[in-house]
>>> print(open('coords.txt').read())   # compact mmCIF, C-alpha atoms
# COMPACT_ATOMS: atom_id res chain seq x y z
CA MET S 1 179.13 -32.48 -45.50
CA PRO S 2 179.92 -29.11 -47.13
CA LEU S 3 177.40 -27.91 -49.65
CA ARG S 4 178.57 -27.89 -53.24
CA GLY S 5 177.41 -25.41 -55.79
CA PRO S 6 177.46 -21.64 -56.29
CA LEU S 7 176.79 -18.84 -53.88
CA ARG S 8 174.94 -16.94 -56.57
CA ARG S 9 173.31 -18.08 -59.77
CA PRO S 10 174.43 -15.87 -62.68
CA ALA S 11 171.95 -14.37 -65.08
CA LEU S 12 170.97 -16.65 -67.95
CA ALA S 13 171.50 -15.11 -71.38
CA LEU S 14 168.86 -16.84 -73.47
CA PRO S 15 169.07 -15.95 -77.17
CA PRO S 16 166.35 -16.86 -79.68
CA PHE S 17 166.77 -20.12 -81.57
CA THR S 18 164.84 -21.85 -84.33
CA CYS S 19 163.68 -25.46 -84.24
CA ASN S 20 161.38 -26.98 -86.86
CA ASN S 21 160.80 -23.47 -88.32
CA VAL S 22 159.58 -22.19 -84.94
CA THR S 23 161.57 -19.38 -83.34
CA THR S 24 161.65 -19.42 -79.54
CA LYS S 25 162.36 -16.12 -77.80
CA ILE S 26 163.31 -16.09 -74.15
CA PRO S 27 163.95 -12.70 -72.54
CA LEU S 28 167.30 -12.01 -70.92
CA ARG S 29 167.12 -12.64 -67.20
CA ILE S 30 168.53 -9.93 -64.95
CA SER S 31 169.30 -11.55 -61.63
CA PRO S 32 168.47 -9.30 -58.65
CA LEU S 33 169.94 -9.60 -55.20
CA PRO S 34 168.59 -12.49 -53.14
CA ARG S 35 165.59 -11.41 -51.08
CA SER S 36 167.56 -11.93 -47.85
CA VAL S 37 170.24 -9.41 -48.94
CA ALA S 38 167.66 -6.81 -49.96
CA VAL S 39 165.88 -7.19 -46.61
CA ARG S 40 169.15 -6.72 -44.72
CA GLN S 41 169.91 -3.57 -46.70
CA ARG S 42 166.53 -2.09 -45.78
CA ARG S 43 167.12 -2.97 -42.12
CA GLY S 44 170.56 -1.39 -42.14
CA HIS S 45 172.35 -4.67 -41.43
CA ALA S 46 175.73 -5.65 -42.82
CA THR S 47 175.72 -7.12 -46.32
CA HIS S 48 179.45 -7.73 -46.75
CA LEU S 49 179.17 -11.19 -45.17
CA PRO S 50 179.23 -14.26 -47.49
CA VAL S 51 175.92 -14.72 -49.26
CA PRO S 52 174.47 -18.16 -48.50
CA ASP S 53 172.97 -20.20 -51.34
CA THR S 54 169.29 -19.85 -50.56
CA ARG S 55 167.99 -21.35 -53.82
CA PRO S 56 166.02 -24.59 -53.72
CA LYS S 57 168.40 -27.57 -53.84
CA THR S 58 168.69 -28.79 -57.44
CA ALA S 59 169.77 -32.16 -58.90
CA ILE S 60 170.60 -32.92 -62.52
CA PHE S 61 170.24 -36.56 -63.54
CA PHE S 62 171.07 -38.64 -66.62
CA PRO S 63 169.48 -41.74 -68.22
CA GLY S 64 170.81 -45.25 -68.64
CA GLN S 65 170.66 -47.77 -71.45
CA GLY S 66 167.32 -48.40 -73.16
CA VAL S 67 166.41 -44.81 -74.06
CA GLN S 68 168.30 -44.82 -77.36
CA ARG S 69 166.37 -44.31 -80.59
CA VAL S 70 167.37 -43.90 -84.21
CA GLY S 71 167.47 -40.23 -85.23
CA MET S 72 167.73 -38.82 -81.71
CA LEU S 73 170.30 -36.25 -82.86
CA THR S 74 168.05 -34.78 -85.58
CA PRO S 75 166.26 -32.05 -83.56
CA TRP S 76 169.59 -30.86 -82.17
CA LEU S 77 171.16 -30.75 -85.63
CA GLU S 78 168.22 -28.68 -86.84
CA ALA S 79 168.22 -26.26 -83.92
CA PHE S 80 171.99 -25.90 -83.37
CA PRO S 81 173.67 -27.23 -86.54
CA ALA S 82 177.17 -25.82 -86.05
CA THR S 83 177.55 -26.77 -82.38
CA THR S 84 175.98 -30.22 -82.80
CA SER S 85 178.06 -31.06 -85.88
CA GLU S 86 181.24 -30.07 -84.04
CA ILE S 87 180.38 -32.33 -81.09
CA ILE S 88 179.39 -35.21 -83.42
CA ASP S 89 182.80 -35.01 -85.12
CA GLU S 90 184.44 -35.16 -81.68
CA ILE S 91 182.37 -38.21 -80.70
CA ASP S 92 183.22 -40.10 -83.90
CA SER S 93 186.91 -39.27 -83.48
CA ILE S 94 187.00 -40.57 -79.89
CA VAL S 95 185.22 -43.89 -80.57
CA GLY S 96 187.15 -44.44 -83.82
CA HIS S 97 184.20 -44.94 -86.18
CA LYS S 98 181.08 -43.14 -87.45
CA LEU S 99 178.89 -43.79 -84.43
CA SER S 100 176.83 -40.78 -85.48
CA ASP S 101 175.73 -42.66 -88.63
CA VAL S 102 174.41 -45.53 -86.49
CA ILE S 103 172.60 -43.06 -84.21
CA GLN S 104 171.03 -41.19 -87.10
CA ASN S 105 170.36 -43.95 -89.62
CA GLY S 106 170.29 -47.18 -87.64
CA PRO S 107 169.14 -49.78 -88.19
CA GLY S 108 167.65 -50.07 -84.70
CA LYS S 109 169.11 -53.53 -84.11
CA ASP S 110 172.60 -52.07 -84.52
CA LEU S 111 171.97 -49.05 -82.32
CA ASN S 112 170.52 -51.30 -79.61
CA LEU S 113 173.80 -53.25 -79.32
CA SER S 114 175.55 -52.21 -76.10
CA PRO S 115 178.84 -51.11 -77.79
CA ASN S 116 176.77 -48.61 -79.80
CA ALA S 117 173.90 -47.79 -77.42
CA GLN S 118 175.98 -46.97 -74.35
CA PRO S 119 178.39 -44.44 -75.91
CA ALA S 120 175.52 -43.01 -78.00
CA ILE S 121 173.36 -42.26 -74.95
CA MET S 122 176.19 -40.88 -72.84
CA ALA S 123 177.52 -38.72 -75.67
CA THR S 124 174.05 -37.36 -76.50
CA SER S 125 173.53 -36.39 -72.86
CA ILE S 126 176.81 -34.46 -72.73
CA MET S 127 176.06 -32.89 -76.12
CA ILE S 128 172.91 -31.37 -74.60
CA ILE S 129 174.95 -30.07 -71.65
CA ARG S 130 177.44 -28.49 -74.08
CA ILE S 131 174.61 -26.79 -76.01
CA LEU S 132 173.11 -25.43 -72.79
CA GLU S 133 176.51 -24.07 -71.78
CA LYS S 134 177.31 -22.46 -75.14
CA HIS S 135 173.94 -21.09 -76.20
CA PHE S 136 172.24 -20.42 -72.86
CA ASN S 137 175.11 -19.73 -70.44
CA PHE S 138 173.76 -22.63 -68.36
CA LYS S 139 176.60 -24.21 -66.41
CA VAL S 140 175.98 -27.23 -64.24
CA GLU S 141 178.16 -25.98 -61.38
CA ASP S 142 176.20 -22.70 -61.29
CA ASN S 143 172.78 -24.33 -61.31
CA ALA S 144 172.99 -27.69 -59.55
CA HIS S 145 173.92 -28.92 -56.09
CA PHE S 146 174.01 -32.61 -57.11
CA THR S 147 174.43 -34.79 -60.20
CA LEU S 148 173.52 -38.46 -60.55
CA GLY S 149 172.85 -40.96 -63.33
CA HIS S 150 171.07 -44.27 -63.70
CA SER S 151 173.65 -47.00 -64.39
CA LEU S 152 175.33 -45.86 -67.62
CA GLY S 153 174.11 -42.35 -66.78
CA GLU S 154 176.58 -42.20 -63.90
CA PHE S 155 179.37 -41.58 -66.42
CA ALA S 156 177.54 -38.52 -67.78
CA ALA S 157 176.89 -37.35 -64.21
CA LEU S 158 180.60 -37.54 -63.43
CA VAL S 159 181.47 -35.58 -66.58
CA ALA S 160 178.86 -32.93 -65.77
CA GLY S 161 180.06 -32.80 -62.16
CA GLY S 162 183.68 -32.18 -63.18
CA TYR S 163 185.22 -35.52 -62.15
CA ILE S 164 186.09 -36.97 -65.57
CA HIS S 165 186.77 -35.32 -68.91
CA PHE S 166 184.30 -36.19 -71.65
CA GLU S 167 186.94 -37.85 -73.84
CA ASP S 168 188.14 -40.15 -71.06
CA SER S 169 184.60 -40.99 -70.00
CA LEU S 170 183.45 -41.84 -73.52
CA ARG S 171 186.43 -44.17 -73.99
CA MET S 172 185.62 -45.84 -70.66
CA VAL S 173 181.98 -46.30 -71.64
CA GLN S 174 182.97 -47.76 -75.00
CA LYS S 175 185.42 -50.28 -73.49
CA ARG S 176 182.96 -51.13 -70.70
CA ALA S 177 180.20 -51.86 -73.21
CA GLU S 178 182.47 -54.02 -75.34
CA ALA S 179 183.54 -56.02 -72.28
CA MET S 180 179.92 -56.52 -71.25
CA SER S 181 178.92 -57.71 -74.70
CA ASN S 182 181.87 -60.10 -74.89
CA ALA S 183 181.14 -61.49 -71.42
CA THR S 184 177.55 -62.30 -72.40
CA ARG S 185 178.65 -63.98 -75.60
CA GLN S 186 181.20 -66.10 -73.73
CA ALA S 187 178.60 -67.17 -71.17
CA GLU S 188 176.26 -68.24 -73.97
CA GLU S 189 179.01 -70.18 -75.74
CA MET S 190 180.35 -71.91 -72.62
CA TYR S 191 177.18 -72.61 -70.66
CA GLY S 192 174.30 -72.18 -73.08
CA GLY S 193 171.05 -70.59 -72.03
CA GLU S 194 169.62 -67.14 -72.54
CA TYR S 195 170.57 -64.04 -70.55
CA GLY S 196 168.84 -60.73 -70.04
CA MET S 197 166.80 -58.57 -67.67
CA VAL S 198 163.23 -58.66 -66.32
CA ALA S 199 161.45 -55.90 -64.41
CA LEU S 200 159.16 -56.90 -61.53
CA VAL S 201 156.45 -54.38 -60.68
CA SER S 202 154.46 -54.76 -57.45
CA SER S 203 150.98 -53.34 -57.08
CA LYS S 204 151.73 -52.00 -53.60
CA ALA S 205 154.82 -50.46 -52.01
CA GLU S 206 154.56 -52.72 -48.95
CA HIS S 207 155.11 -55.75 -51.21
CA LEU S 208 158.63 -54.66 -52.20
CA PRO S 209 160.64 -55.36 -48.99
CA PRO S 210 159.43 -58.99 -48.65
CA LEU S 211 159.95 -59.44 -52.41
CA ILE S 212 163.58 -58.31 -52.13
CA ALA S 213 164.12 -60.50 -49.05
CA ALA S 214 162.70 -63.54 -50.87
CA ILE S 215 164.99 -62.93 -53.84
CA HIS S 216 168.06 -62.62 -51.61
CA GLU S 217 167.14 -65.88 -49.90
CA PHE S 218 166.58 -67.57 -53.25
CA VAL S 219 169.89 -66.49 -54.83
CA GLY S 220 171.97 -66.90 -51.66
CA TYR S 221 174.04 -63.69 -51.64
CA ASP S 222 173.22 -60.02 -51.44
CA SER S 223 175.76 -58.05 -49.40
CA ALA S 224 177.54 -55.03 -50.83
CA GLY S 225 180.49 -56.06 -52.95
CA SER S 226 179.59 -59.76 -52.83
CA LYS S 227 178.62 -60.00 -56.47
CA VAL S 228 182.22 -59.63 -57.64
CA GLU S 229 183.46 -62.49 -55.49
CA SER S 230 180.39 -64.62 -56.19
CA ALA S 231 181.06 -64.54 -59.92
CA ASP S 232 183.75 -67.17 -59.36
CA GLU S 233 181.48 -69.40 -57.28
CA TRP S 234 178.40 -69.67 -59.50
CA CYS S 235 178.03 -70.75 -63.10
CA PRO S 236 176.41 -68.03 -65.23
CA ILE S 237 173.50 -70.35 -66.03
CA ASP S 238 172.63 -70.35 -62.29
CA GLN S 239 173.04 -66.62 -61.69
CA VAL S 240 170.25 -64.12 -61.16
CA LEU S 241 170.56 -60.88 -59.22
CA ILE S 242 168.70 -57.68 -58.45
CA ALA S 243 170.18 -55.27 -60.98
CA ASN S 244 168.18 -52.16 -60.09
CA VAL S 245 165.91 -51.00 -57.30
CA ASN S 246 164.18 -48.29 -59.32
CA SER S 247 161.26 -47.25 -57.13
CA LYS S 248 159.13 -48.29 -54.19
CA THR S 249 157.28 -50.72 -56.46
CA GLN S 250 159.82 -51.72 -59.13
CA ILE S 251 162.99 -53.78 -59.24
CA VAL S 252 164.89 -55.33 -62.15
CA LEU S 253 166.33 -58.85 -62.18
CA SER S 254 169.36 -59.74 -64.26
CA GLY S 255 170.98 -63.01 -65.31
CA SER S 256 169.78 -66.34 -66.68
CA ILE S 257 166.26 -65.93 -68.08
CA GLU S 258 165.36 -69.49 -67.14
CA ARG S 259 166.56 -68.92 -63.58
CA ILE S 260 164.57 -65.66 -63.41
CA LYS S 261 161.41 -67.51 -64.48
CA THR S 262 161.98 -70.04 -61.69
CA LEU S 263 162.50 -67.23 -59.16
CA VAL S 264 159.31 -65.44 -60.23
CA GLU S 265 157.31 -68.63 -59.81
CA HIS S 266 158.86 -69.06 -56.35
CA VAL S 267 157.82 -65.53 -55.38
CA ARG S 268 154.27 -66.00 -56.62
CA GLN S 269 153.93 -69.29 -54.76
CA PHE S 270 155.34 -68.29 -51.39
CA LEU S 271 154.68 -64.54 -51.01
CA GLY S 272 151.00 -64.59 -51.82
CA HIS S 273 151.07 -61.78 -54.39
CA ASP S 274 151.76 -61.64 -58.09
CA PRO S 275 154.26 -59.01 -59.28
CA ARG S 276 153.99 -58.14 -62.96
CA ALA S 277 157.04 -59.38 -64.91
CA VAL S 278 158.21 -57.40 -67.96
CA ARG S 279 161.10 -58.59 -70.15
CA LEU S 280 163.39 -55.67 -70.97
CA LYS S 281 165.06 -55.06 -74.32
CA SER S 282 168.59 -55.77 -73.13
CA ASP S 283 171.31 -57.70 -74.93
CA SER S 284 173.22 -58.42 -71.70
CA PRO S 285 172.46 -59.16 -68.02
CA PHE S 286 173.77 -55.85 -66.67
CA HIS S 287 174.70 -55.51 -62.99
CA SER S 288 175.11 -59.25 -62.55
CA PRO S 289 178.35 -61.21 -61.84
CA ILE S 290 178.47 -62.16 -65.53
CA MET S 291 179.64 -58.58 -66.12
CA LYS S 292 182.77 -59.07 -64.00
CA PRO S 293 185.17 -58.63 -66.98
CA ALA S 294 183.91 -55.05 -67.32
CA VAL S 295 185.04 -54.37 -63.74
CA GLY S 296 188.59 -55.35 -64.64
CA VAL S 297 188.57 -53.20 -67.77
CA LEU S 298 187.50 -50.11 -65.85
CA GLN S 299 189.94 -50.77 -63.01
CA GLN S 300 192.79 -50.94 -65.51
CA MET S 301 191.74 -47.76 -67.28
CA MET S 302 191.33 -45.82 -64.04
CA ALA S 303 194.72 -46.98 -62.79
CA GLY S 304 196.30 -44.91 -65.57
CA ASN S 305 196.37 -41.24 -66.46
CA SER S 306 194.07 -39.20 -68.62
CA MET S 307 194.22 -39.62 -72.41
CA VAL S 308 193.14 -36.03 -73.00
CA LYS S 309 195.77 -33.95 -74.80
CA GLY S 310 197.59 -31.80 -72.27
CA ARG S 311 196.50 -33.98 -69.33
CA GLU S 312 198.59 -37.06 -70.05
CA ASN S 313 200.47 -36.67 -66.75
CA GLU S 314 197.32 -36.19 -64.67
CA ASP S 315 195.09 -38.74 -63.01
CA ILE S 316 192.07 -39.72 -65.10
CA ILE S 317 189.84 -38.84 -62.11
CA THR S 318 189.67 -35.30 -60.72
CA PHE S 319 188.67 -35.13 -57.08
CA PRO S 320 186.88 -33.30 -55.72
CA GLY S 321 184.72 -32.32 -58.66
CA LYS S 322 182.70 -29.16 -59.09
CA VAL S 323 179.33 -30.60 -58.04
CA THR S 324 178.54 -33.37 -55.54
CA CYS S 325 177.86 -36.65 -57.41
CA ILE S 326 175.82 -39.55 -56.02
CA SER S 327 177.08 -43.15 -56.39
CA ASN S 328 174.78 -45.84 -57.79
CA VAL S 329 176.27 -48.40 -55.41
CA THR S 330 176.01 -46.53 -52.10
CA ALA S 331 173.26 -43.99 -52.91
CA ARG S 332 175.51 -41.43 -51.23
CA PRO S 333 178.12 -38.92 -52.49
CA PHE S 334 181.51 -40.18 -53.60
CA GLU S 335 183.91 -39.50 -50.73
CA SER S 336 187.37 -39.77 -52.29
CA ARG S 337 189.21 -40.38 -55.55
CA GLU S 338 190.01 -43.95 -54.52
CA GLN S 339 186.42 -44.72 -53.52
CA LEU S 340 185.10 -43.25 -56.76
CA LYS S 341 187.37 -45.49 -58.82
CA ASP S 342 186.36 -48.56 -56.82
CA LEU S 343 182.62 -47.90 -56.93
CA LEU S 344 182.52 -46.84 -60.58
CA ALA S 345 184.25 -50.07 -61.61
CA ARG S 346 182.14 -52.27 -59.31
CA GLN S 347 178.96 -50.59 -60.48
CA ALA S 348 179.00 -52.90 -63.52
CA VAL S 349 178.10 -55.87 -61.28
CA GLU S 350 176.41 -54.22 -58.30
CA THR S 351 172.79 -53.22 -57.76
CA VAL S 352 171.83 -49.72 -58.89
CA GLN S 353 170.31 -48.16 -55.77
CA TRP S 354 168.26 -45.60 -57.67
CA TRP S 355 165.32 -45.47 -55.27
CA ASP S 356 167.64 -44.96 -52.28
CA SER S 357 169.49 -42.23 -54.20
CA ILE S 358 166.28 -40.32 -54.88
CA LYS S 359 165.08 -40.80 -51.28
CA TYR S 360 168.41 -39.56 -49.93
CA LEU S 361 168.34 -36.41 -52.04
CA ASP S 362 164.63 -35.78 -51.50
CA GLN S 363 164.36 -36.51 -47.79
CA SER S 364 167.84 -35.91 -46.36
CA MET S 365 169.28 -33.28 -48.72
CA LYS S 366 165.91 -31.57 -49.36
CA VAL S 367 166.36 -31.42 -53.13
CA ARG S 368 163.32 -29.68 -54.59
CA ARG S 369 164.22 -29.25 -58.25
CA TRP S 370 165.09 -32.13 -60.57
CA VAL S 371 166.27 -31.79 -64.17
CA GLY S 372 166.73 -34.83 -66.39
CA ILE S 373 169.10 -34.34 -69.32
CA GLY S 374 169.46 -36.85 -72.15
CA PRO S 375 167.33 -39.05 -74.40
CA GLY S 376 163.95 -40.36 -73.22
CA TYR S 377 161.65 -39.73 -70.28
CA VAL S 378 162.17 -42.86 -68.18
CA GLY S 379 164.33 -41.07 -65.62
CA ARG S 380 161.99 -38.10 -65.30
CA ASN S 381 158.99 -40.38 -64.85
CA LEU S 382 160.75 -42.44 -62.15
CA VAL S 383 161.88 -39.34 -60.26
CA GLY S 384 158.53 -37.59 -60.66
CA LYS S 385 156.67 -40.61 -59.32
CA GLU S 386 158.91 -40.89 -56.28
CA VAL S 387 158.84 -37.20 -55.31
CA GLY S 388 155.19 -36.80 -56.27
CA MET S 389 155.59 -34.09 -58.89
CA ARG S 390 155.88 -33.23 -62.59
CA GLY S 391 156.45 -29.78 -63.97
CA LYS S 392 156.88 -26.89 -61.53
CA ASP S 393 155.43 -25.83 -58.20
CA VAL S 394 156.25 -22.14 -57.80
CA ILE S 395 154.81 -21.99 -54.29
CA LYS S 396 157.22 -24.64 -53.04
CA GLY S 397 160.09 -23.62 -55.30
CA ALA S 398 160.09 -27.13 -56.77
CA GLY S 399 159.80 -29.01 -60.04
CA VAL S 400 160.69 -32.08 -62.10
CA TRP S 401 161.64 -31.47 -65.73
CA ALA S 402 163.44 -33.13 -68.63
CA ILE S 403 165.42 -31.79 -71.59
CA THR S 404 165.35 -34.38 -74.35
CA ASP S 405 164.52 -32.01 -77.24
CA PRO S 406 165.41 -28.36 -77.98
CA LYS S 407 161.75 -27.39 -77.72
CA GLU S 408 161.84 -28.24 -73.99
CA ILE S 409 164.67 -25.86 -73.11
CA GLU S 410 162.46 -22.79 -72.73
CA GLU S 411 160.04 -24.52 -70.34
CA VAL S 412 162.82 -25.90 -68.16
CA LEU S 413 164.90 -22.73 -67.91
CA ARG S 414 161.82 -20.64 -67.30
CA GLY S 415 160.71 -23.11 -64.62
CA LEU S 416 164.10 -22.85 -62.92
CA GLU S 417 163.92 -19.06 -63.10
CA GLU S 418 160.42 -18.89 -61.64
CA THR S 419 161.35 -21.14 -58.73
CA ASP S 420 164.79 -19.63 -58.16
CA PHE S 421 163.82 -17.10 -55.51
CA TYR S 422 162.12 -19.44 -53.09
CA GLU S 423 164.37 -19.37 -50.03
CA ASP S 424 164.90 -22.19 -47.60
CA ASP S 425 163.73 -21.17 -44.11
CA GLU S 426 166.79 -22.74 -42.48
CA TRP S 427 169.12 -20.61 -44.60
CA GLN S 428 167.03 -17.50 -43.94
CA ASP S 429 167.12 -18.06 -40.16
CA ALA S 430 170.88 -18.65 -40.25
CA TRP S 431 171.40 -15.49 -42.29
CA ASP S 432 169.33 -13.44 -39.86
CA ARG S 433 171.39 -14.78 -36.93
CA TRP S 434 174.68 -13.51 -38.43
CA ASP S 435 174.23 -10.03 -36.89
>>> encode(input="coords.txt", output="C-alpha cells")
Amino acid sequence: MPLRGPLRRPALALPPFTCNNVTTKIPLRISPLPRSVAVRQRRGHATHLPVPDTRPKTAIFFPGQGVQRVGMLTPWLEAFPATTSEIIDEIDSIVGHKLSDVIQNGPGKDLNLSPNAQPAIMATSIMIIRILEKHFNFKVEDNAHFTLGHSLGEFAALVAGGYIHFEDSLRMVQKRAEAMSNATRQAEEMYGGEYGMVALVSSKAEHLPPLIAAIHEFVGYDSAGSKVESADEWCPIDQVLIANVNSKTQIVLSGSIERIKTLVEHVRQFLGHDPRAVRLKSDSPFHSPIMKPAVGVLQQMMAGNSMVKGRENEDIITFPGKVTCISNVTARPFESREQLKDLLARQAVETVQWWDSIKYLDQSMKVRRWVGIGPGYVGRNLVGKEVGMRGKDVIKGAGVWAITDPKEIEEVLRGLEETDFYEDDEWQDAWDRWD
C-alpha cells in the first residue's frame, strides 16, 4: 500500500494568540533538511533523489458522540473570535437553524439529543482543524499519514482526509442523526421497551475474547454485514449487539436494555467472571439493527452529487483523498470510492472496530504519534491506554496528544516539532542503499 502524506513537513508559522487574557508565544520554526539529506551531503552522495518521508508515522483521530458539553465553543470564541464566528455562521447556515445557540446555551438535555449532538461534535472538530490551518499553517495532509474517527468521528476524519467537503458531511451527519432518533422512537412506539447502550469493562484482557464469543452465541449473529439483514428477522425488543470494541478490556452493547441485562446475567453465570456494566448516556442504540433506516438515508445521499456550490456536477465522495483514512467497519484503509460509500452507510449498524484500528496502525503501520482533535478526552485516553503512552517521548519520536482547547495547541505543536526529526531505521537504510 503506497504511503500517504508529504515528503517534507513545511515550517509551522506560529503567531502569538491570547486566550483567557494569557498570551501564548511560540517561536517560528525553521525546518532544516532531514538528517539523512545532510549526512549524504557531507559524504558527497547525490541529493537530487526523492526525499523519503522519514518522520514518525502520525495519525489524527476524532471523537464520537458523548463528548458534547454546553459552552464548548467559548474558549475558541475568546481566542479566535473572527475565525470562530465565521465558522459558526457557516454551521448554522448548513443545518438550517441556530445550532450554535444550543451548543453555547443548552440546555444540556437539548444538546444531548442526537440531531443536535452529532452535528455539534463533528462541526466543532472541523472548526478546530480550520483554526489550526488558518492561524498555525497546520495542514492535515502535511502532518499526518492517517486519519480515523470513532463512530460519528469518522465523518470528521473523512473531511480532514480530503474525501468529503465539510458542507456535505455536516448535512449527512444531520440527516443520519435524525434518522437514528426517529428509528428509536418508532421502535419504542411499536414494540415498547427501553433502548440504549451499556459498556462492559473486564478486569483482564484475557477475559475479552471469551466474553465476545459468549455474546455472539447469545445473540445468534455476528458476521460482517449481517446486522443489516438481521434487522428484518428480529424484533427490536429482542435485539442486542456489540456496538463498539473500544479496547482490550472494553466493549459496548447496544439495543434493548432489558435484553442487555439478561445477556450480562448470562455472561456472569457461565463465564465465571464479572465484567463491570456501565449504562451510557445515549438516546439511541447506535450500531444496532434498529439503526437500519440511517443506512438507507446515507446510501441515498451518497448516490447523488455534492451540494457544495460549484461542485453540483461532482460526486459527493472524492477518491482517493489526501490522507489515508481508516474504516470503522474493517479497521483498514478505505480501498475505493464504492467501498467507502458502502462502509460509511453500513457503519450506522455495524460494530465499531476501534481497538483493531488502533492495533493495525500501532503494530502494522508503526504509527508513533497520535493527535486527537475535537471535544473531550475519551479518544485520547483510549488511544493512550492501548499504545501505552501519554504526552511525548522524544527518544522514540512518539506521543499521544489532544487538542480540545486553544491552550493545548502550543504543547501539541511543540511536541510534534520536538519529535519530528526522529527517523525510522527502515527509511534510513533504504535511503543509504540508493547510491
>>> closest_atom_pairs(input="coords.txt", of="region 245-315 of chain S", to="region 102-112 of chain S", cutoff="9 Å", atoms="only C-alpha atoms", output="tab-separated table")
residue	atom	partner	partner_atom	distance
S:Lys281	CA	S:Asn112	CA	8.5
S:Ser282	CA	S:Asn112	CA	8.1
S:Asp283	CA	S:Asn112	CA	8.0
>>> closest_residue(input="coords.txt", among="S:Val245, S:Leu416, S:Ala398, S:Leu200", to="Ser357 (chain S)", atoms="only C-alpha atoms")
S:Val245
>>> residues_around(input="coords.txt", residues="region 365-371 of chain S", least_positions_apart="4", cutoff="10 Å", atoms="all atoms listed in the file", output="ChimeraX atom specification")
/S:3,55-62,144-147,358-361,379-380,383-384,387,389-393,396-403,412-413,415-416,419-420,424
>>> atom_distance(input="coords.txt", atom1="CA of His287 (chain S)", atom2="CA of Gln347 (chain S)")
7.0 Å
>>> residues_around(input="coords.txt", residues="Val67 (chain S)", least_positions_apart="6", cutoff="9 Å", atoms="all atoms listed in the file", output="PyMOL selection string")
chain S and resi 117+121+374-378
>>> residues_around(input="coords.txt", residues="Glu258 (chain S)", least_positions_apart="6", cutoff="10 Å", atoms="only C-alpha atoms", output="PyMOL selection string")
chain S and resi 193-196+237-240
>>> residues_around(input="coords.txt", residues="region 78-95 of chain S", least_positions_apart="2", cutoff="10 Å", atoms="only C-alpha atoms", output="ChimeraX atom specification")
/S:17-23,73-76,97-101,116,119-120,123-124,126-128,130-131,134-135,166-168,170-171,173-175,405-407
>>> closest_residue(input="coords.txt", among="S:Lys139, S:Lys309, S:Lys385, S:His266", to="Gln250 (chain S)", atoms="all atoms listed in the file")
S:Lys385
>>> atom_distance(input="coords.txt", atom1="CA of Gln65 (chain S)", atom2="CA of Lys292 (chain S)")
18.2 Å
>>> residues_around(input="coords.txt", residues="Ile326 (chain S)", least_positions_apart="6", cutoff="9 Å", atoms="all atoms listed in the file", output="list of chain:residue names")
S:Phe146, S:Thr147, S:Leu148, S:Gly149, S:Glu154, S:Ala157, S:Arg332, S:Pro333, S:Phe334, S:Ser357
>>> atom_distance(input="coords.txt", atom1="CA of Asn381 (chain S)", atom2="CA of Ile409 (chain S)")
17.6 Å
>>> closest_residue(input="coords.txt", among="S:Pro275, S:Gly162, S:Gly153, S:Gly220", to="Ser202 (chain S)", atoms="only C-alpha atoms")
S:Pro275
>>> residues_near_point(input="coords.txt", point="(174.0, -51.2, -53.6)", cutoff="8 Å", atoms="all atoms listed in the file", output="list in words")
Ala224, Asn328, Val329, Thr330, Ala331, Glu350, Thr351, Val352 and Gln353 of chain S
>>> closest_residue(input="coords.txt", among="S:Met180, S:Ile164, S:Met72, S:Ile129", to="Asp315 (chain S)", atoms="all atoms listed in the file")
S:Ile164
>>> closest_residue(input="coords.txt", among="S:Ala160, S:Ala348, S:Val198, S:Val140", to="Ser254 (chain S)", atoms="only C-alpha atoms")
S:Val198
